[in-house]
Every structure is written in C-alpha cells, then in structure tokens.
file coords_1.txt (compact mmCIF, C-alpha atoms and all ligand atoms)
# COMPACT_ATOMS: atom_id res chain seq x y z
CA MET A 178 -68.74 54.43 149.27
CA LEU A 179 -65.41 53.55 150.81
CA SER A 180 -63.78 52.84 147.49
CA GLU A 181 -65.19 56.05 146.06
CA SER A 182 -63.77 58.15 148.86
CA ILE A 183 -60.37 56.55 148.31
CA ILE A 184 -60.52 57.39 144.62
CA LEU A 185 -61.70 60.93 145.27
CA SER A 186 -59.01 61.72 147.82
CA SER A 187 -56.25 60.74 145.43
CA TRP A 188 -55.79 64.08 143.71
CA GLN A 189 -52.43 64.46 145.37
CA ALA A 190 -51.36 61.13 143.90
CA LEU A 191 -52.54 62.24 140.45
CA LEU A 192 -50.57 65.42 140.87
CA ALA A 193 -47.44 63.49 141.75
CA GLU A 194 -47.84 61.28 138.67
CA GLY A 195 -47.85 64.22 136.26
CA PHE A 196 -45.17 64.94 133.64
CA LYS A 197 -42.12 66.78 134.94
CA SER A 198 -39.93 66.79 131.86
CA PRO A 199 -40.56 67.88 128.29
CA ASP A 200 -38.95 64.69 126.93
CA ALA A 201 -41.33 62.44 128.83
CA LEU A 202 -44.32 64.46 127.67
CA LEU A 203 -43.26 64.45 124.02
CA ASP A 204 -42.40 60.78 124.17
CA TYR A 205 -45.89 60.07 125.51
CA LEU A 206 -47.42 62.02 122.62
CA GLY A 207 -45.11 60.53 119.97
CA ILE A 208 -43.67 63.90 118.97
CA SER A 209 -40.00 64.56 118.30
CA PRO A 210 -38.34 67.35 120.34
CA GLU A 211 -37.05 68.95 117.11
CA SER A 212 -40.45 69.20 115.42
CA ALA A 213 -41.92 70.86 118.52
CA GLY A 214 -38.98 73.29 118.99
CA MET A 215 -38.45 71.97 122.50
CA SER A 216 -35.81 73.66 124.67
CA GLU A 217 -34.07 72.14 127.67
CA LEU A 218 -32.81 75.61 128.60
CA ALA A 219 -36.35 76.97 128.82
CA HIS A 220 -37.31 73.97 130.93
CA GLN A 221 -34.45 74.71 133.33
CA ASP A 222 -35.63 78.32 133.56
CA PHE A 223 -39.24 77.34 134.40
CA ARG A 224 -39.81 73.64 135.03
CA THR A 225 -42.26 71.61 133.01
CA LYS A 226 -45.29 70.45 134.97
CA VAL A 227 -48.33 68.84 133.34
CA PRO A 228 -50.99 66.60 134.91
CA LYS A 229 -51.49 63.43 132.91
CA GLY A 230 -55.20 64.10 132.46
CA PHE A 231 -54.37 67.38 130.71
CA ALA A 232 -51.82 65.64 128.46
CA ASP A 233 -54.48 63.08 127.54
CA LYS A 234 -56.50 65.89 125.92
CA MET A 235 -53.62 66.67 123.55
CA LYS A 236 -53.53 65.20 120.09
CA PRO A 237 -50.77 62.59 119.73
CA GLY A 238 -48.31 63.39 116.96
CA ASP A 239 -49.31 67.06 116.66
CA PRO A 240 -46.51 69.49 117.63
CA ASP A 241 -48.93 72.42 117.13
CA ASP A 242 -51.56 71.14 119.54
CA PRO A 243 -53.00 74.19 121.38
CA LEU A 244 -52.85 72.47 124.76
CA LEU A 245 -49.29 71.28 124.24
CA LYS A 246 -48.20 74.80 123.26
CA GLN A 247 -49.35 76.14 126.61
CA VAL A 248 -47.02 73.87 128.56
CA LEU A 249 -44.06 72.82 126.42
CA PRO A 250 -40.79 74.75 126.97
CA VAL A 251 -39.62 75.95 123.55
CA VAL A 252 -36.67 77.72 121.95
CA ASP A 253 -38.75 80.90 121.35
CA GLU A 254 -38.80 81.52 125.09
CA THR A 255 -35.07 82.04 125.26
CA ALA A 256 -35.02 85.01 122.85
CA ASP A 257 -34.23 88.24 124.68
CA ILE A 258 -36.67 90.83 123.36
CA GLY A 259 -36.96 94.35 124.77
CA GLY A 260 -40.11 95.28 126.68
CA TYR A 261 -40.65 91.87 128.25
CA THR A 262 -39.60 91.78 131.87
CA GLU A 263 -39.54 89.53 134.93
CA ASP A 264 -42.13 91.51 136.92
CA PRO A 265 -44.36 92.97 134.17
CA LEU A 266 -47.04 94.15 136.60
CA SER A 267 -44.63 95.81 139.05
CA GLU A 268 -46.34 93.86 141.79
CA ALA A 269 -43.57 94.59 144.22
CA LEU A 270 -45.12 98.09 144.52
CA ALA A 271 -48.48 96.88 145.84
CA ASN A 272 -47.17 94.40 148.36
CA PRO A 273 -47.71 95.87 151.88
CA VAL A 274 -47.46 92.49 153.64
CA LYS A 275 -45.60 89.40 152.49
CA GLY A 276 -47.96 87.32 150.34
CA LEU A 277 -50.66 90.04 150.12
CA LEU A 278 -51.33 92.33 147.15
CA HIS A 279 -53.60 95.33 147.54
CA LYS A 280 -53.91 97.01 144.15
CA TYR A 281 -57.64 97.61 143.74
CA HIS A 282 -60.34 99.14 145.92
CA GLY A 283 -62.16 96.69 148.16
CA ARG A 284 -60.17 93.63 147.15
CA VAL A 285 -56.95 92.05 148.38
CA LEU A 286 -55.18 89.13 146.78
CA LEU A 287 -53.33 86.52 148.82
CA THR A 288 -50.71 84.14 147.46
CA LEU A 289 -50.67 81.17 149.81
CA ALA A 290 -49.44 78.26 147.73
CA GLU A 291 -45.98 77.81 146.28
CA GLY A 292 -46.68 76.96 142.68
CA CYS A 293 -49.43 75.37 140.63
CA ALA A 294 -50.67 72.01 139.39
CA ILE A 295 -49.49 72.95 135.90
CA ASN A 296 -46.81 75.33 134.69
CA CYS A 297 -48.17 77.52 131.88
CA ARG A 298 -45.41 78.95 129.73
CA TYR A 299 -47.11 82.35 129.38
CA CYS A 300 -47.56 82.78 133.12
CA PHE A 301 -46.74 86.29 134.34
CA ARG A 302 -45.53 84.71 137.55
CA ARG A 303 -43.03 82.42 135.82
CA HIS A 304 -40.18 84.36 137.45
CA PHE A 305 -42.00 84.88 140.73
CA ASP A 306 -39.86 84.09 143.71
CA TYR A 307 -42.39 82.03 145.67
CA LYS A 308 -39.83 81.13 148.31
CA HIS A 309 -39.41 84.75 149.34
CA ASN A 310 -42.90 86.06 148.65
CA VAL A 311 -45.17 83.33 149.88
CA SER A 312 -45.32 83.01 153.61
CA GLY A 313 -48.00 80.32 153.69
CA ARG A 314 -49.55 79.51 157.02
CA THR A 315 -46.98 81.36 159.13
CA GLY A 316 -47.68 84.60 157.28
CA LEU A 317 -51.45 84.42 157.65
CA PRO A 318 -51.73 86.39 160.93
CA ALA A 319 -50.00 89.41 159.39
CA MET A 320 -52.25 89.28 156.32
CA LEU A 321 -55.37 89.02 158.48
CA GLU A 322 -54.23 91.94 160.59
CA TYR A 323 -53.85 94.05 157.46
CA ILE A 324 -57.33 93.10 156.21
CA ARG A 325 -58.93 93.69 159.60
CA ALA A 326 -57.41 97.16 159.79
CA ASP A 327 -58.99 98.28 156.50
CA GLU A 328 -62.76 98.11 156.51
CA THR A 329 -63.00 99.00 152.82
CA ILE A 330 -61.86 95.45 152.02
CA LYS A 331 -64.95 93.40 151.16
CA GLU A 332 -63.39 90.64 149.12
CA VAL A 333 -60.44 88.35 149.71
CA ILE A 334 -59.00 86.66 146.65
CA LEU A 335 -56.89 83.53 146.96
CA SER A 336 -54.71 83.33 143.88
CA GLY A 337 -51.61 81.96 142.20
CA GLY A 338 -49.74 79.85 143.12
CA ASP A 339 -52.85 77.78 142.87
CA PRO A 340 -54.71 78.00 146.22
CA LEU A 341 -56.34 74.61 145.64
CA LEU A 342 -52.90 73.04 145.96
CA LEU A 343 -53.38 73.61 149.68
CA ARG A 344 -54.66 70.67 151.65
CA ASP A 345 -58.28 70.88 152.75
CA GLU A 346 -57.38 71.40 156.40
CA LEU A 347 -55.18 74.39 155.65
CA LEU A 348 -57.74 75.84 153.27
CA LYS A 349 -60.45 75.46 155.86
CA GLU A 350 -58.31 77.05 158.54
CA THR A 351 -57.62 80.00 156.23
CA ILE A 352 -61.27 80.49 155.31
CA THR A 353 -62.38 80.24 158.93
CA ALA A 354 -59.86 82.91 159.86
CA ILE A 355 -61.04 85.22 157.06
CA GLU A 356 -64.65 84.73 158.19
CA THR A 357 -63.83 86.31 161.54
CA ILE A 358 -63.37 89.65 159.78
CA GLU A 359 -66.91 90.98 159.56
CA THR A 360 -66.35 93.49 156.81
CA VAL A 361 -65.27 90.74 154.38
CA LYS A 362 -68.26 89.38 152.44
CA ILE A 363 -66.78 87.59 149.45
CA LEU A 364 -64.18 84.89 149.03
CA ARG A 365 -62.84 84.50 145.53
CA ILE A 366 -60.59 81.63 144.49
CA HIS A 367 -58.56 81.91 141.31
CA THR A 368 -57.55 78.42 140.29
CA ARG A 369 -56.73 76.40 137.21
CA MET A 370 -57.23 73.13 139.08
CA PRO A 371 -60.89 72.44 138.22
CA ILE A 372 -59.75 72.48 134.57
CA VAL A 373 -56.40 70.69 134.71
CA LEU A 374 -57.11 68.35 137.63
CA PRO A 375 -60.90 68.28 138.22
CA GLU A 376 -60.43 65.46 140.75
CA ARG A 377 -59.35 68.21 143.16
CA VAL A 378 -62.98 69.32 143.45
CA THR A 379 -63.81 66.66 146.04
CA PRO A 380 -67.04 66.48 148.04
CA GLU A 381 -64.96 67.57 151.05
CA LEU A 382 -63.80 70.71 149.26
CA VAL A 383 -67.31 71.53 148.08
CA SER A 384 -68.55 71.09 151.62
CA ILE A 385 -65.91 73.44 153.06
CA LEU A 386 -66.91 76.15 150.60
CA ALA A 387 -70.63 75.51 150.97
CA HIS A 388 -70.47 75.98 154.73
CA SER A 389 -68.72 79.31 154.68
CA ARG A 390 -70.68 82.42 155.61
CA LEU A 391 -68.82 84.15 152.74
CA LYS A 392 -70.22 84.29 149.23
CA VAL A 393 -67.86 82.14 147.20
CA VAL A 394 -66.76 82.83 143.63
CA ILE A 395 -64.41 80.50 141.82
CA VAL A 396 -62.61 81.84 138.79
CA VAL A 397 -61.17 79.01 136.71
CA HIS A 398 -58.70 79.47 133.92
CA CYS A 399 -59.36 77.80 130.59
CA ASN A 400 -57.89 78.91 127.27
CA HIS A 401 -59.22 76.46 124.73
CA PRO A 402 -62.46 74.48 124.32
CA ARG A 403 -60.49 71.22 124.10
CA GLU A 404 -59.52 71.64 127.75
CA LEU A 405 -63.14 71.06 128.77
CA ASP A 406 -64.83 67.71 129.23
CA HIS A 407 -67.65 65.95 131.02
CA ALA A 408 -65.64 65.34 134.20
CA ILE A 409 -65.15 69.10 134.58
CA ALA A 410 -68.84 69.82 133.98
CA VAL A 411 -69.79 67.31 136.69
CA ARG A 412 -67.48 68.89 139.28
CA VAL A 413 -68.61 72.39 138.36
CA GLY A 414 -72.16 71.14 138.83
CA HIS A 415 -71.30 70.11 142.39
CA LEU A 416 -70.03 73.61 143.13
CA ARG A 417 -73.02 75.32 141.56
CA SER A 418 -75.50 73.13 143.38
CA GLN A 419 -74.14 74.75 146.57
CA GLY A 420 -74.62 78.29 145.27
CA ILE A 421 -70.97 78.79 144.36
CA HIS A 422 -70.45 80.98 141.30
CA VAL A 423 -68.03 79.72 138.67
CA LEU A 424 -66.44 82.14 136.20
CA ASN A 425 -63.61 81.77 133.70
CA GLN A 426 -60.68 83.83 132.61
CA THR A 427 -58.72 83.22 129.45
CA VAL A 428 -55.41 84.60 128.26
CA LEU A 429 -55.34 85.57 124.59
CA LEU A 430 -52.45 83.53 123.18
CA ARG A 431 -51.01 83.58 119.69
CA GLY A 432 -50.99 80.11 118.17
CA VAL A 433 -53.35 78.78 120.86
CA ASN A 434 -56.65 80.67 120.78
CA ASP A 435 -56.15 83.80 118.64
CA ASN A 436 -59.13 82.93 116.50
CA PRO A 437 -62.70 84.21 116.93
CA ALA A 438 -64.29 80.86 116.08
CA ILE A 439 -62.26 79.11 118.78
CA LEU A 440 -63.00 81.79 121.35
CA CYS A 441 -66.73 81.70 120.55
CA GLU A 442 -66.69 77.93 120.88
CA LEU A 443 -64.85 78.33 124.18
CA SER A 444 -67.55 80.64 125.56
CA GLU A 445 -70.29 78.25 124.46
CA SER A 446 -68.54 75.18 125.85
CA LEU A 447 -67.88 76.95 129.13
CA PHE A 448 -71.56 77.77 129.40
CA GLU A 449 -72.47 74.16 128.73
CA ALA A 450 -70.18 73.20 131.60
CA GLY A 451 -71.89 75.72 133.88
CA ILE A 452 -69.15 78.36 133.72
CA LEU A 453 -69.58 82.01 132.69
CA PRO A 454 -66.85 83.87 130.77
CA TYR A 455 -65.39 86.74 132.81
CA TYR A 456 -62.11 88.07 131.42
CA LEU A 457 -60.19 87.69 128.19
CA HIS A 458 -56.75 88.96 129.17
CA MET A 459 -54.13 90.48 126.96
CA LEU A 460 -50.83 88.77 127.70
CA ASP A 461 -48.76 90.35 130.45
CA LYS A 462 -45.40 91.23 128.96
CA VAL A 463 -43.35 88.68 130.82
CA LYS A 464 -39.91 87.63 129.65
CA GLY A 465 -40.08 84.23 127.97
CA ALA A 466 -43.66 84.60 126.71
CA GLN A 467 -43.13 87.13 123.92
CA HIS A 468 -44.00 84.58 121.21
CA PHE A 469 -47.56 84.33 122.61
CA ASP A 470 -48.20 88.07 122.35
CA LEU A 471 -50.69 89.66 120.00
CA PRO A 472 -50.83 93.33 118.94
CA ALA A 473 -53.78 95.23 120.48
CA GLU A 474 -55.22 96.00 117.00
CA LYS A 475 -55.41 92.29 116.18
CA ALA A 476 -56.98 91.54 119.53
CA LEU A 477 -59.61 94.21 118.93
CA LEU A 478 -60.51 92.86 115.49
CA LEU A 479 -60.89 89.43 116.94
CA TYR A 480 -63.02 90.78 119.76
CA GLN A 481 -65.34 92.56 117.33
CA GLU A 482 -65.94 89.23 115.62
CA MET A 483 -66.81 87.64 118.95
CA ARG A 484 -69.22 90.45 119.75
CA LYS A 485 -71.06 89.81 116.47
CA LYS A 486 -71.56 86.14 117.26
CA LEU A 487 -72.15 85.83 121.00
CA PRO A 488 -74.94 86.83 123.36
CA GLY A 489 -73.75 89.54 125.73
CA TYR A 490 -73.54 87.20 128.71
CA LEU A 491 -71.08 84.94 126.87
CA LEU A 492 -68.79 87.76 125.80
CA PRO A 493 -65.81 88.02 128.19
CA ARG A 494 -64.41 91.47 128.97
CA LEU A 495 -61.23 92.05 126.98
CA VAL A 496 -58.78 93.61 129.44
CA ARG A 497 -55.18 94.50 129.93
CA GLU A 498 -53.35 95.09 133.16
CA ILE A 499 -51.34 98.28 133.46
CA PRO A 500 -49.23 98.84 136.58
CA GLY A 501 -50.49 101.67 138.74
CA GLU A 502 -54.05 101.73 137.34
CA VAL A 503 -57.08 101.45 139.64
CA SER A 504 -58.52 98.45 137.78
CA LYS A 505 -57.83 96.20 134.86
CA ILE A 506 -58.22 98.28 131.73
CA PRO A 507 -60.90 97.35 129.18
CA LEU A 508 -60.09 97.36 125.48
CA GLY A 509 -62.68 97.87 122.80
CA GLN A 510 -65.64 99.00 124.92
C1 LIG B 1 -56.92 91.03 138.93
C2 LIG B 1 -56.67 91.39 140.33
C3 LIG B 1 -57.73 91.58 141.22
C4 LIG B 1 -59.16 91.35 140.82
O1 LIG B 1 -59.60 92.23 139.88
P1 LIG B 1 -61.11 92.10 139.34
O2 LIG B 1 -61.19 93.10 138.27
O3 LIG B 1 -62.00 92.37 140.50
O4 LIG B 1 -61.28 90.70 138.85
C5 LIG B 1 -57.45 91.97 142.50
N1 LIG B 1 -56.18 92.17 142.92
C6 LIG B 1 -55.14 92.00 142.10
C7 LIG B 1 -53.78 92.25 142.62
C8 LIG B 1 -55.34 91.61 140.77
O5 LIG B 1 -54.30 91.42 139.97
S1 LIG B 2 -52.09 78.06 136.62
FE1 LIG B 2 -52.12 80.31 136.49
S2 LIG B 2 -50.62 80.98 138.04
FE2 LIG B 2 -50.27 78.79 137.65
S3 LIG B 2 -48.68 78.68 136.05
FE3 LIG B 2 -50.67 78.61 135.00
S4 LIG B 2 -51.12 80.77 134.52
FE4 LIG B 2 -49.51 80.76 136.09
call {"tool": "encode", "arguments": {"input": "coords_1.txt", "output": "structure tokens"}}
result
Amino acid sequence: MLSESIILSSWQALLAEGFKSPDALLDYLGISPESAGMSELAHQDFRTKVPKGFADKMKPGDPDDPLLKQVLPVVDETADIGGYTEDPLSEALANPVKGLLHKYHGRVLLTLAEGCAINCRYCFRRHFDYKHNVSGRTGLPAMLEYIRADETIKEVILSGGDPLLLRDELLKETITAIETIETVKILRIHTRMPIVLPERVTPELVSILAHSRLKVVIVVHCNHPRELDHAIAVRVGHLRSQGIHVLNQTVLLRGVNDNPAILCELSESLFEAGILPYYLHMLDKVKGAQHFDLPAEKALLLYQEMRKKLPGYLLPRLVREIPGEVSKIPLGQ
C-alpha cells in the first residue's frame, strides 16, 4: 500500500519530467526538425509542454502523427492571416471579477490555475495573460461573493488553465467554499489531465469529489482515439464508480481529426473508456492556429457522415462559439 501511494502521488514529478522544448521531443521521436516544420519562433511565442506519457503515444519517425501535430510548434503558426486574433472570444467583455467569466445563464466559469499540463497549439487561450487574469487563491473571495449575489447561478465551472494542476488541498478548499453557496448545485471541471496525465486522478482526488454535496461533472478533452488507453479507462472507472459524470469535448482540427472515420472511432473508444461525447468544437479563430481551421461546409459534411454511422448518444454536438451569443451555437442541427 505504501509503495502504491508513493507512486500515485507522483503526478507532480511526472509533470516536471515532461518535454519543454521541441528539439527534445523530436529527438525522442527520431524526427528531424525540418521534416516536421518545427519553429523555434513559435515555441518562444507559446512554450512547448508535453507530458512524456502523451509523447509515448506518438509514432516514432512520423512527422504527421496526429498527437505530435497538436503540440509541436511549427512554421505555419507564424503566418499573419487576417481574421485570427489574440482574444477570439472577446472574453474581456464577460469578465466581471478577475478570474471569473459569466457569459451564459446559470453558469460561471472560473480560471484558477496558471497554465496546463500540456500546451495545445490550437488553444484559444494561447495568448491569455494568466499572470494578470488569474488571481488564484487570493481572488477566490471576490469570485464567491459574485456567485453568492446571483441566485440564478446553479453551476460553477472550473476551467483552463487546467484546474487539476491545483494541489488537492487547494482544490478541496475551493470546492468547500463553493459548497457554502446553497443555490449552486453542480460543479463542472474542464480538464485535459485525465487524458494527458491520467496519474493525476488519484484516489485522494476521487475522494474529494465523491464527498462533495455538489453533483460533479468532469469534461475531459480528447481529440484523437490514439490518445486513449487502458490507464485512462481505469481512472475514469474510479470517477464513475463514485457517481461522477465524465464527458468529452473535441476540437475539430485539420490534419489531426478532420475525418469521419477517425471521429466515429473516437466516439466509440471514448464510450469504451466510460466517457460520453459532449461537444465537437469548431476552432476558435486564434492567431497562430489558422492552419488547423476547417471551413464550416467541410465540417458539416463530415458531421453528416458521423450522424449516419453513430447512435445518437455517441454523436457530439457540433458547435461554434460566437462572442455575445447566449450559448454555444450548434451547426447542422
Ligand atoms: C463553454 C462555456 C460554458 C459552458 O457552456 P455549456 O454549453 O454549458 O457547456 C460556460 N461559460 C463559458 C464562459 C464558456 O465558454
Ligand atoms: S489543455 Fe485546454 S486550455 Fe490547456 S492548452 Fe490545451 S486546449 Fe488550451
């Protein structure tokens, strides 16, 4: 037991051991920087960060690997194309308290952690100024005051930076504080960690979530069936055995998953791992990610193919986010 608890509490060590430079990652995979279109400039703009376990799912020698493409800084990012901006969702407009976003009825989103376990090149927050927008623990009282003052808020969402980067104690403190607001019923956690570093889902974490009076929903983020494995399914099983719902969101990415067969396989593999598909997002038009974008017509064709093949409960909702709208906007309904 003792040795197991030592192994299980080492997710922070695993995180620290991850790749932090594109050269080291490519060297590990036996791929030349030229063949992969690697760019040091893009890396300087948004630092490379990849847990080793995620890199181990990439195919050595393949510069087009769909997992590698999600994390490798490339020359395409540095092209300056009109229409792609640093704050594509105009989030600054819906930011009444530092670290809190209130865009949609009944739900607020908190950004508590500075950064993520992995840096995804297509991330709409790749230019997000965490230092000035994330107040962490010191900002919590102001966020709680805001939530307490608005009884229409039923759900608190912890989101990116990845909230599971927080230590258990801080997470527990935060959840306990949210629980004191009676009108809040649901705690949602948006996190890529169960996919890219499943070791984070420790028995201690599961226990914290299981003992909350709030209904807990975890939304993971997986873009390709090759990201999934047995270790993930086991950890998801631990969450589900405590009544925690586990959903997935995917970003539609050119060159990674813009293929109906891959997306159908993703839905089926997610289900096998105990995860239900929730959203399939159109890319947010963030500067540096233009090469991942797909025209809406192509996305719709692809979605029609998925609809033909999948049972309704495995078909994610294809959505786009438009600043100022009251919800995410469905495509192809
Ligand atoms: C996406 C999002 C939500 C959650 O929307 P759902 O449609 O309920 O998943 C809430 N707040 C913000 C700011 C969001 O971007
Ligand atoms: S895990 Fe999510 S928030 Fe973090 S870099 Fe990737 S896409 Fe962005």
call {"tool": "closest_atom_pairs", "arguments": {"input": "coords_1.txt", "of": "chain A", "to": "ligand LIG 1 (chain B)", "cutoff": "8 Å", "atoms": "all atoms listed in the file", "output": "tab-separated table"}}
result
residue	atom	partner	partner_atom	distance
A:Glu268	CA	B:LIG1	C7	7.7
A:Ala271	CA	B:LIG1	C7	7.7
A:Leu278	CA	B:LIG1	C7	5.2
A:His279	CA	B:LIG1	C7	5.8
A:Lys280	CA	B:LIG1	C7	5.0
A:Tyr281	CA	B:LIG1	N1	5.7
A:Arg284	CA	B:LIG1	C5	5.6
A:Val285	CA	B:LIG1	N1	5.5
A:Leu286	CA	B:LIG1	N1	5.0
A:Ile334	CA	B:LIG1	C5	6.9
A:Tyr456	CA	B:LIG1	O4	7.9
A:Glu498	CA	B:LIG1	O5	7.8
A:Ser504	CA	B:LIG1	O2	6.0
A:Lys505	CA	B:LIG1	O2	5.7
call {"tool": "residues_near_ligand", "arguments": {"input": "coords_1.txt", "ligand": "ligand LIG 2 (chain B)", "cutoff": "9 Å", "atoms": "all atoms listed in the file", "output": "list in words"}}
result
Lys226, Gln247, Val248, Gly292, Cys293, Ala294, Ile295, Asn296, Cys297, Arg298, Tyr299, Cys300, Phe301, Arg302, Arg303, Ser336, Gly337, Gly338, Asp339, His367, Thr368, Arg369, Met370, Val373, His398 and Val428 of chain A
call {"tool": "closest_residue", "arguments": {"input": "coords_1.txt", "among": "A:Phe196, A:Arg390, A:Ile385, A:Arg224", "to": "Glu356 (chain A)", "atoms": "only C-alpha atoms"}}
result
A:Arg390
call {"tool": "closest_residue", "arguments": {"input": "coords_1.txt", "among": "A:Leu447, A:Leu492, A:Leu424, A:Leu508", "to": "Glu474 (chain A)", "atoms": "all atoms listed in the file"}}
result
A:Leu508
call {"tool": "atom_distance", "arguments": {"input": "coords_1.txt", "atom1": "CA of Ile330 (chain A)", "atom2": "CA of Thr351 (chain A)"}}
result
16.6 Å
call {"tool": "atom_distance", "arguments": {"input": "coords_1.txt", "atom1": "CA of Ser216 (chain A)", "atom2": "CA of Glu291 (chain A)"}}
result
24.2 Å
call {"tool": "residues_around", "arguments": {"input": "coords_1.txt", "residues": "Val361 (chain A)", "least_positions_apart": "6", "cutoff": "12 Å", "atoms": "all atoms listed in the file", "output": "PyMOL selection string"}}
result
chain A and resi 283-285+321+324-334+352-355+389-393
call {"tool": "atom_distance", "arguments": {"input": "coords_1.txt", "atom1": "CA of Ile499 (chain A)", "atom2": "CA of Asp470 (chain A)"}}
result
15.4 Å
call {"tool": "residues_around", "arguments": {"input": "coords_1.txt", "residues": "Arg344 (chain A)", "least_positions_apart": "2", "cutoff": "12 Å", "atoms": "all atoms listed in the file", "output": "ChimeraX atom specification"}}
result
/A:186-189,289-290,313-314,339-342,346-351,377-379,381-382,385
call {"tool": "axis_aligned_box", "arguments": {"input": "coords_1.txt", "around": "region 239-250 of chain A", "padding_each_side": "3 Å", "output": "JSON"}}
result
{"center_x": -46.9, "center_y": 71.6, "center_z": 122.6, "size_x": 18.2, "size_y": 15.1, "size_z": 17.9}
call {"tool": "closest_residue", "arguments": {"input": "coords_1.txt", "among": "A:Asp222, A:Tyr307, A:Leu460, A:Ala319", "to": "Val252 (chain A)", "atoms": "all atoms listed in the file"}}
result
A:Asp222
call {"tool": "residues_around", "arguments": {"input": "coords_1.txt", "residues": "Lys246 (chain A)", "least_positions_apart": "3", "cutoff": "9 Å", "atoms": "only C-alpha atoms", "output": "list in words"}}
result
Ala213, Pro240, Asp241, Asp242, Pro243, Leu249, Pro250, Val251, Arg298, Gly432 and Val433 of chain A
call {"tool": "closest_residue", "arguments": {"input": "coords_1.txt", "among": "A:Leu206, A:Val396, A:Leu443, A:Ala219", "to": "Phe231 (chain A)", "atoms": "all atoms listed in the file"}}
result
A:Leu206
call {"tool": "residues_around", "arguments": {"input": "coords_1.txt", "residues": "Leu479 (chain A)", "least_positions_apart": "5", "cutoff": "10 Å", "atoms": "all atoms listed in the file", "output": "MDAnalysis selection string"}}
result
chainID A and resid 435:438 440 473:474 484
